[in-house]
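Undergrad: Sending over final.pdb (PDB, C-alpha atoms and all ligand atoms).
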ATOM      1  CA  MET P   6       9.288  10.987   3.589  1.00  0.00           C
ATOM      2  CA  SER P   7      12.058  12.313   5.826  1.00  0.00           C
ATOM      3  CA  GLU P   8      12.472  16.009   4.978  1.00  0.00           C
ATOM      4  CA  ARG P   9       9.386  18.170   5.118  1.00  0.00           C
ATOM      5  CA  ASP P  10       8.952  21.620   3.690  1.00  0.00           C
ATOM      6  CA  SER P  11       7.546  23.770   6.484  1.00  0.00           C
ATOM      7  CA  SER P  12       6.114  26.248   3.940  1.00  0.00           C
ATOM      8  CA  THR P  13       3.539  23.749   2.687  1.00  0.00           C
ATOM      9  CA  PHE P  14       0.258  22.914   4.385  1.00  0.00           C
ATOM     10  CA  SER P  15       1.391  19.389   5.234  1.00  0.00           C
ATOM     11  CA  GLY P  16       4.756  20.634   6.476  1.00  0.00           C
ATOM     12  CA  ARG P  17       3.071  23.145   8.776  1.00  0.00           C
ATOM     13  CA  LEU P  18       0.530  20.594   9.971  1.00  0.00           C
ATOM     14  CA  ASP P  19       3.280  18.086  10.659  1.00  0.00           C
ATOM     15  CA  ALA P  20       5.362  20.612  12.619  1.00  0.00           C
ATOM     16  CA  HIS P  21       2.263  21.742  14.527  1.00  0.00           C
ATOM     17  CA  LEU P  22       1.355  18.203  15.567  1.00  0.00           C
ATOM     18  CA  ALA P  23       4.943  17.177  16.302  1.00  0.00           C
ATOM     19  CA  ALA P  24       5.092  20.013  18.842  1.00  0.00           C
ATOM     20  CA  ARG P  25       1.788  18.913  20.421  1.00  0.00           C
ATOM     21  CA  PRO P  26       2.038  15.201  21.179  1.00  0.00           C
ATOM     22  CA  ARG P  27      -1.312  15.006  22.994  1.00  0.00           C
ATOM     23  CA  LEU P  28      -3.183  16.564  20.078  1.00  0.00           C
ATOM     24  CA  GLU P  29      -1.235  14.311  17.707  1.00  0.00           C
ATOM     25  CA  ARG P  30      -2.226  11.186  19.662  1.00  0.00           C
ATOM     26  CA  PHE P  31      -5.842  12.342  19.835  1.00  0.00           C
ATOM     27  CA  LEU P  32      -6.177  13.069  16.099  1.00  0.00           C
ATOM     28  CA  SER P  33      -4.352   9.907  15.134  1.00  0.00           C
ATOM     29  CA  GLY P  34      -6.581   7.903  17.494  1.00  0.00           C
ATOM     30  CA  VAL P  35      -9.772   9.407  16.033  1.00  0.00           C
ATOM     31  CA  GLY P  36      -8.497   8.808  12.486  1.00  0.00           C
ATOM     32  CA  LEU P  37      -7.602   5.236  13.355  1.00  0.00           C
ATOM     33  CA  VAL P  38     -11.059   4.497  14.794  1.00  0.00           C
ATOM     34  CA  ILE P  39     -12.698   5.740  11.573  1.00  0.00           C
ATOM     35  CA  GLU P  40     -10.208   3.902   9.361  1.00  0.00           C
ATOM     36  CA  ASN P  41     -10.633   0.684  11.329  1.00  0.00           C
ATOM     37  CA  ALA P  42     -14.393   0.871  10.935  1.00  0.00           C
ATOM     38  CA  ILE P  43     -14.010   1.127   7.164  1.00  0.00           C
ATOM     39  CA  LYS P  44     -10.767  -0.574   6.170  1.00  0.00           C
ATOM     40  CA  VAL P  45     -10.705  -3.564   8.513  1.00  0.00           C
ATOM     41  CA  PRO P  46     -13.986  -5.080   7.281  1.00  0.00           C
ATOM     42  CA  LEU P  47     -13.449  -4.024   3.659  1.00  0.00           C
ATOM     43  CA  PHE P  48      -9.751  -4.741   3.181  1.00  0.00           C
ATOM     44  CA  ARG P  49      -8.687  -6.641   6.305  1.00  0.00           C
ATOM     45  CA  CYS P  50      -6.421  -3.675   7.065  1.00  0.00           C
ATOM     46  CA  GLN P  51      -3.462  -4.480   9.338  1.00  0.00           C
ATOM     47  CA  ARG P  52      -3.137  -0.862  10.525  1.00  0.00           C
ATOM     48  CA  CYS P  53       0.317  -0.212   9.101  1.00  0.00           C
ATOM     49  CA  GLY P  54      -0.271   3.549   9.081  1.00  0.00           C
ATOM     50  CA  GLU P  55       1.140   3.904   5.571  1.00  0.00           C
ATOM     51  CA  CYS P  56      -1.552   2.776   3.198  1.00  0.00           C
ATOM     52  CA  VAL P  57      -0.529   1.316  -0.167  1.00  0.00           C
ATOM     53  CA  LEU P  58      -3.947  -0.041  -1.141  1.00  0.00           C
ATOM     54  CA  SER P  59      -4.094   2.153  -4.231  1.00  0.00           C
ATOM     55  CA  HIS P  60      -0.896   0.513  -5.535  1.00  0.00           C
ATOM     56  CA  THR P  61      -1.982  -3.011  -4.764  1.00  0.00           C
ATOM     57  CA  ALA P  62      -5.366  -3.152  -6.502  1.00  0.00           C
ATOM     58  CA  PHE P  63      -7.122  -2.555  -3.184  1.00  0.00           C
ATOM     59  CA  ILE P  64      -5.910  -5.767  -1.585  1.00  0.00           C
ATOM     60  CA  CYS P  65      -3.952  -5.118   1.604  1.00  0.00           C
ATOM     61  CA  SER P  66      -0.382  -6.297   0.968  1.00  0.00           C
ATOM     62  CA  GLN P  67       0.270  -6.219   4.695  1.00  0.00           C
ATOM     63  CA  ARG P  68      -1.685  -9.464   5.061  1.00  0.00           C
ATOM     64  CA  CYS P  69       1.353 -11.171   3.532  1.00  0.00           C
ATOM     65  CA  PRO P  70       3.064 -13.056   6.402  1.00  0.00           C
ATOM     66  CA  LYS P  71       6.356 -11.480   5.321  1.00  0.00           C
ATOM     67  CA  ARG P  72       4.722  -8.033   5.318  1.00  0.00           C
ATOM     68  CA  LEU P  73       6.136  -7.348   1.855  1.00  0.00           C
ATOM     69  CA  ARG P  74       5.368  -3.980   0.333  1.00  0.00           C
ATOM     70  CA  ASN P  75       6.972  -4.916  -2.946  1.00  0.00           C
ATOM     71  CA  GLY P  76       6.034  -8.472  -3.820  1.00  0.00           C
ATOM     72  CA  ALA P  77       5.916 -11.235  -4.575  1.00  0.00           C
ATOM     73  CA  CYS P  78       8.731 -12.795  -2.579  1.00  0.00           C
ATOM     74  CA  GLY P  79       9.725 -15.426  -5.137  1.00  0.00           C
ATOM     75  CA  GLY P  80       8.564 -18.301  -2.983  1.00  0.00           C
ATOM     76  CA  THR P  81       4.982 -18.472  -4.236  1.00  0.00           C
ATOM     77  CA  ARG P  82       3.966 -22.119  -4.615  1.00  0.00           C
ATOM     78  CA  PRO P  83       2.315 -23.646  -7.679  1.00  0.00           C
ATOM     79  CA  GLY P  84      -1.301 -22.610  -7.998  1.00  0.00           C
ATOM     80  CA  GLY P  85      -0.563 -19.268  -6.356  1.00  0.00           C
ATOM     81  CA  ARG P  86      -0.311 -20.633  -2.797  1.00  0.00           C
ATOM     82  CA  CYS P  87       1.625 -18.883  -0.028  1.00  0.00           C
ATOM     83  CA  GLU P  88       5.120 -20.170   0.798  1.00  0.00           C
ATOM     84  CA  VAL P  89       4.637 -19.684   4.543  1.00  0.00           C
ATOM     85  CA  TYR P  90       1.034 -20.888   4.816  1.00  0.00           C
ATOM     86  CA  PRO P  91       0.406 -23.227   1.859  1.00  0.00           C
ATOM     87  CA  GLU P  92      -3.258 -23.502   2.768  1.00  0.00           C
ATOM     88  CA  ARG P  93      -3.644 -19.791   1.924  1.00  0.00           C
ATOM     89  CA  ARG P  94      -3.511 -18.040  -1.396  1.00  0.00           C
ATOM     90  CA  CYS P  95      -0.437 -15.813  -1.867  1.00  0.00           C
ATOM     91  CA  VAL P  96      -1.542 -12.238  -1.226  1.00  0.00           C
ATOM     92  CA  TRP P  97       0.723 -10.978  -3.983  1.00  0.00           C
ATOM     93  CA  TYR P  98      -0.661 -13.504  -6.447  1.00  0.00           C
ATOM     94  CA  ALA P  99      -4.119 -12.144  -5.632  1.00  0.00           C
ATOM     95  CA  ILE P 100      -2.842  -8.588  -6.034  1.00  0.00           C
ATOM     96  CA  TYR P 101      -1.422  -9.398  -9.453  1.00  0.00           C
ATOM     97  CA  ARG P 102      -4.636 -11.083 -10.637  1.00  0.00           C
ATOM     98  CA  ARG P 103      -6.776  -8.196  -9.389  1.00  0.00           C
ATOM     99  CA  SER P 104      -4.371  -5.643 -10.939  1.00  0.00           C
ATOM    100  CA  LEU P 105      -4.787  -7.358 -14.304  1.00  0.00           C
ATOM    101  CA  LEU P 106      -8.540  -7.249 -13.915  1.00  0.00           C
ATOM    102  CA  LEU P 107      -8.600  -3.583 -12.889  1.00  0.00           C
ATOM    103  CA  ARG P 108      -5.886  -2.653 -15.404  1.00  0.00           C
ATOM    104  CA  ARG P 109      -3.612  -1.438 -12.631  1.00  0.00           C
ATOM    105  CA  VAL P 110      -0.547  -3.590 -13.344  1.00  0.00           C
ATOM    106  CA  PRO P 111       1.678  -0.521 -13.926  1.00  0.00           C
ATOM    107  CA  PHE P 112       1.428   0.310 -10.233  1.00  0.00           C
ATOM    108  CA  LEU P 113       3.133  -2.977  -9.449  1.00  0.00           C
ATOM    109  CA  THR P 114       6.214  -1.856 -11.354  1.00  0.00           C
ATOM    110  CA  GLU P 115       6.682   1.134  -9.047  1.00  0.00           C
ATOM    111  CA  ARG P 116       8.951   0.263  -6.161  1.00  0.00           C
ATOM    112  CA  LEU P 117       7.435   1.421  -2.897  1.00  0.00           C
ATOM    113  CA  ALA P 118       9.643   2.854  -0.165  1.00  0.00           C
ATOM    114  CA  PRO P 119      10.442   0.593   2.793  1.00  0.00           C
ATOM    115  CA  HIS P 120       7.836   0.701   5.518  1.00  0.00           C
ATOM    116  CA  SER P 121       8.357   3.242   8.299  1.00  0.00           C
ATOM    117  CA  TRP P 122       7.699   0.991  11.262  1.00  0.00           C
ATOM    118  CA  GLY P 123       7.261   4.029  13.497  1.00  0.00           C
ATOM    119  CA  LEU P 124       3.959   4.691  11.717  1.00  0.00           C
ATOM    120  CA  GLU P 125       2.419   1.348  12.717  1.00  0.00           C
ATOM    121  CA  HIS P 126      -0.966   1.761  14.397  1.00  0.00           C
ATOM    122  CA  THR P 127      -1.236   5.417  13.499  1.00  0.00           C
ATOM    123  CA  SER P 128      -3.809   6.974  11.193  1.00  0.00           C
ATOM    124  CA  ALA P 129      -2.727   6.520   7.564  1.00  0.00           C
ATOM    125  CA  TRP P 130      -5.091   9.283   6.456  1.00  0.00           C
ATOM    126  CA  LEU P 131      -3.593  11.745   8.931  1.00  0.00           C
ATOM    127  CA  ASN P 132      -0.130  10.655   7.808  1.00  0.00           C
ATOM    128  CA  VAL P 133      -1.048  11.563   4.227  1.00  0.00           C
ATOM    129  CA  PHE P 134      -2.106  15.060   5.266  1.00  0.00           C
ATOM    130  CA  ARG P 135       1.078  15.400   7.293  1.00  0.00           C
ATOM    131  CA  GLY P 136       3.199  14.481   4.277  1.00  0.00           C
ATOM    132  CA  ARG P 137       4.476  11.358   6.012  1.00  0.00           C
ATOM    133  CA  GLU P 138       3.294   9.155   3.196  1.00  0.00           C
ATOM    134  CA  GLU P 139       2.394   9.574  -0.448  1.00  0.00           C
ATOM    135  CA  TRP P 140      -1.085  10.470  -1.624  1.00  0.00           C
ATOM    136  CA  PRO P 141      -3.019   7.513  -3.024  1.00  0.00           C
ATOM    137  CA  ALA P 142      -2.265   6.798  -6.672  1.00  0.00           C
ATOM    138  CA  LEU P 143      -5.585   7.012  -8.457  1.00  0.00           C
ATOM    139  CA  ARG P 144      -5.000   6.705 -12.160  1.00  0.00           C
ATOM    140  CA  ILE P 145      -2.402   5.831 -14.736  1.00  0.00           C
ATOM    141  CA  GLY P 146      -1.720   7.736 -17.942  1.00  0.00           C
ATOM    142  CA  PRO P 147      -3.202   5.785 -20.904  1.00  0.00           C
ATOM    143  CA  LEU P 148       0.077   5.509 -22.849  1.00  0.00           C
ATOM    144  CA  ARG P 149       2.072   4.319 -19.876  1.00  0.00           C
ATOM    145  CA  HIS P 150      -0.739   1.951 -19.025  1.00  0.00           C
ATOM    146  CA  ARG P 151      -0.665   0.410 -22.522  1.00  0.00           C
ATOM    147  CA  MET P 152       3.126   0.016 -22.475  1.00  0.00           C
ATOM    148  CA  ASP P 153       3.128  -1.598 -19.053  1.00  0.00           C
ATOM    149  CA  MET P 154       0.212  -3.866 -19.895  1.00  0.00           C
ATOM    150  CA  ASP P 155       2.051  -5.003 -23.034  1.00  0.00           C
ATOM    151  CA  ALA P 156       5.136  -5.748 -20.945  1.00  0.00           C
ATOM    152  CA  ALA P 157       3.055  -7.663 -18.388  1.00  0.00           C
ATOM    153  CA  GLU P 158       1.329  -9.703 -21.099  1.00  0.00           C
ATOM    154  CA  ARG P 159       4.693 -10.462 -22.749  1.00  0.00           C
ATOM    155  CA  ALA P 160       6.118 -11.623 -19.406  1.00  0.00           C
ATOM    156  CA  GLU P 161       3.069 -13.833 -18.815  1.00  0.00           C
ATOM    157  CA  ARG P 162       3.402 -15.396 -22.269  1.00  0.00           C
ATOM    158  CA  GLU P 163       7.118 -16.036 -21.737  1.00  0.00           C
ATOM    159  CA  GLU P 164       6.337 -17.685 -18.404  1.00  0.00           C
ATOM    160  CA  GLU P 165       3.794 -19.983 -20.034  1.00  0.00           C
ATOM    161  CA  ASP P 166       6.222 -21.025 -22.843  1.00  0.00           C
TER     162      ASP P 166
HETATM  163  S1  LIG P 201      -1.745  -1.002   3.426  1.00  0.00           S
HETATM  164 FE1  LIG P 201      -1.631  -0.487   5.634  1.00  0.00          FE
HETATM  165  S2  LIG P 201      -3.181   1.080   6.031  1.00  0.00           S
HETATM  166 FE2  LIG P 201      -3.605   0.191   3.978  1.00  0.00          FE
HETATM  167  S3  LIG P 201      -5.123  -1.386   4.340  1.00  0.00           S
HETATM  168 FE3  LIG P 201      -3.134  -2.397   4.488  1.00  0.00          FE
HETATM  169  S4  LIG P 201      -2.444  -2.270   6.651  1.00  0.00           S
HETATM  170 FE4  LIG P 201      -4.197  -0.861   6.328  1.00  0.00          FE
END
Please render this file's structure as structure tokens.
TA:
Amino acid sequence: MSERDSSTFSGRLDAHLAARPRLERFLSGVGLVIENAIKVPLFRCQRCGECVLSHTAFICSQRCPKRLRNGACGGTRPGGRCEVYPERRCVWYAIYRRSLLLRRVPFLTERLAPHSWGLEHTSAWLNVFRGREEWPALRIGPLRHRMDMDAAERAEREEED
């Protein structure tokens, strides 16, 4: 998110912190310590500072060796193995399977913005409050969900034929 509205809470917070780099570093550091304690063991978080877990069925897409935020890359090997490290399972294959299971496939059809590399190793939670990244996507409307699931099932069937 590049332009921020300074009349909103997040816009004001962002401007406040941008003018106080020491406070910004402190809060981001505290946020990162808490996030690391939770997200590293649970999701093998890579500390990208711009969390997309809610779009990727709660599997961290940043474990992909290509760091793709919109996958898969097209190089996935047979059996869902990674192109770069064939001994590993493709992260995006796992994301797709889990999305099917959790009925979250529609999130995979939303193209995520390119990663802001300047946010690496900063607190993703603080970045949400600052309006530097989107709020987590929690649920999908039932109609849209049905339509997207139908499309996903059709695509799977076509692939099998
Ligand atoms: S998407 Fe980013 S912040 Fe979220 S778990 Fe993965 S590396 Fe961590």
Undergrad: Just want the residues within 10 Å of ligand LIG 201 (chain P), written as a ChimeraX atom specification, counting all atoms listed in the file.
TA: /P:37,40-41,43-45,47-61,63-69,72,74,120,124-130
Undergrad: Which distance in Å separates CA of Gly84 (chain P) and CA of Ile100 (chain P), to one decimal?
TA: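 We find that CA of Gly84 (chain P) and CA of Ile100 (chain P) lie 14.2 Å from each other.
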Undergrad: Run the PyMOL selection byres (((chain P and resi 82) around 12) and not hetatm) against the file shown and list the residues it catches, as a PyMOL selection string.
TA: chain P and resi 77-81+83-98
Undergrad: Would you export the selected residues with C-alpha atoms as a short mmCIF file (atom, residue, chain, number, x, y, z; two decimals), in the frame of the given file, please?
TA:
data_model
loop_
_atom_site.label_atom_id
_atom_site.label_comp_id
_atom_site.auth_asym_id
_atom_site.auth_seq_id
_atom_site.Cartn_x
_atom_site.Cartn_y
_atom_site.Cartn_z
CA ALA P 77 5.92 -11.24 -4.58
CA CYS P 78 8.73 -12.80 -2.58
CA GLY P 79 9.72 -15.43 -5.14
CA GLY P 80 8.56 -18.30 -2.98
CA THR P 81 4.98 -18.47 -4.24
CA PRO P 83 2.32 -23.65 -7.68
CA GLY P 84 -1.30 -22.61 -8.00
CA GLY P 85 -0.56 -19.27 -6.36
CA ARG P 86 -0.31 -20.63 -2.80
CA CYS P 87 1.62 -18.88 -0.03
CA GLU P 88 5.12 -20.17 0.80
CA VAL P 89 4.64 -19.68 4.54
CA TYR P 90 1.03 -20.89 4.82
CA PRO P 91 0.41 -23.23 1.86
CA GLU P 92 -3.26 -23.50 2.77
CA ARG P 93 -3.64 -19.79 1.92
CA ARG P 94 -3.51 -18.04 -1.40
CA CYS P 95 -0.44 -15.81 -1.87
CA VAL P 96 -1.54 -12.24 -1.23
CA TRP P 97 0.72 -10.98 -3.98
CA TYR P 98 -0.66 -13.50 -6.45
#
Undergrad: Between CA of Thr114 (chain P) and CA of Pro70 (chain P), what distance in Å does the model show, to one decimal?
TA: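 Calculated distance between CA of Thr114 (chain P) and CA of Pro70 (chain P) is 21.2 Å.
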Undergrad: So the first atom is CA of Leu32 (chain P) and the second is CA of Leu117 (chain P); what is the distance between them in Å, to one decimal place?
TA: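 These two atoms are separated by 26.1 Å.
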Undergrad: As a PDB file with C-alpha atoms, in the frame of the given file, please: the residues near Phe14 (chain P) (cut-off 12 Å, only C-alpha atoms, same-chain neighbours under 5 positions excluded).
TA:
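Once written, selection.pdb looks like this:
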ATOM      1  CA  ARG P   9       9.386  18.170   5.118  1.00  0.00           C
ATOM      2  CA  ASP P  19       3.280  18.086  10.659  1.00  0.00           C
ATOM      3  CA  ALA P  20       5.362  20.612  12.619  1.00  0.00           C
ATOM      4  CA  HIS P  21       2.263  21.742  14.527  1.00  0.00           C
ATOM      5  CA  VAL P 133      -1.048  11.563   4.227  1.00  0.00           C
ATOM      6  CA  PHE P 134      -2.106  15.060   5.266  1.00  0.00           C
ATOM      7  CA  ARG P 135       1.078  15.400   7.293  1.00  0.00           C
ATOM      8  CA  GLY P 136       3.199  14.481   4.277  1.00  0.00           C
TER       9      GLY P 136
END
Undergrad: Using all atoms listed in the file, can you tell me which of P:Asn132, P:Leu73, P:Glu158, P:Thr13 comes closest to Ala118 (chain P)?
TA: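 Ranking P:Asn132, P:Leu73, P:Glu158, P:Thr13 by distance to Ala118 (chain P), first place goes to P:Leu73.
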Undergrad: As lines of an AutoDock Vina configuration file, what would the box around region 16-26 of chain P look like: edges along x, y and z, 3 Å added on every side, centre and edge lengths in Å to one decimal?
TA:
center_x = 2.9
center_y = 19.2
center_z = 13.8
size_x = 10.8
size_y = 13.9
size_z = 20.7
Undergrad: Measuring between only C-alpha atoms, which one of P:Asp155, P:Glu29, P:Glu139, P:Glu161 shows the shortest distance to Arg108 (chain P)?
TA: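 Ranked by minimum distance to Arg108 (chain P), first place goes to P:Asp155.
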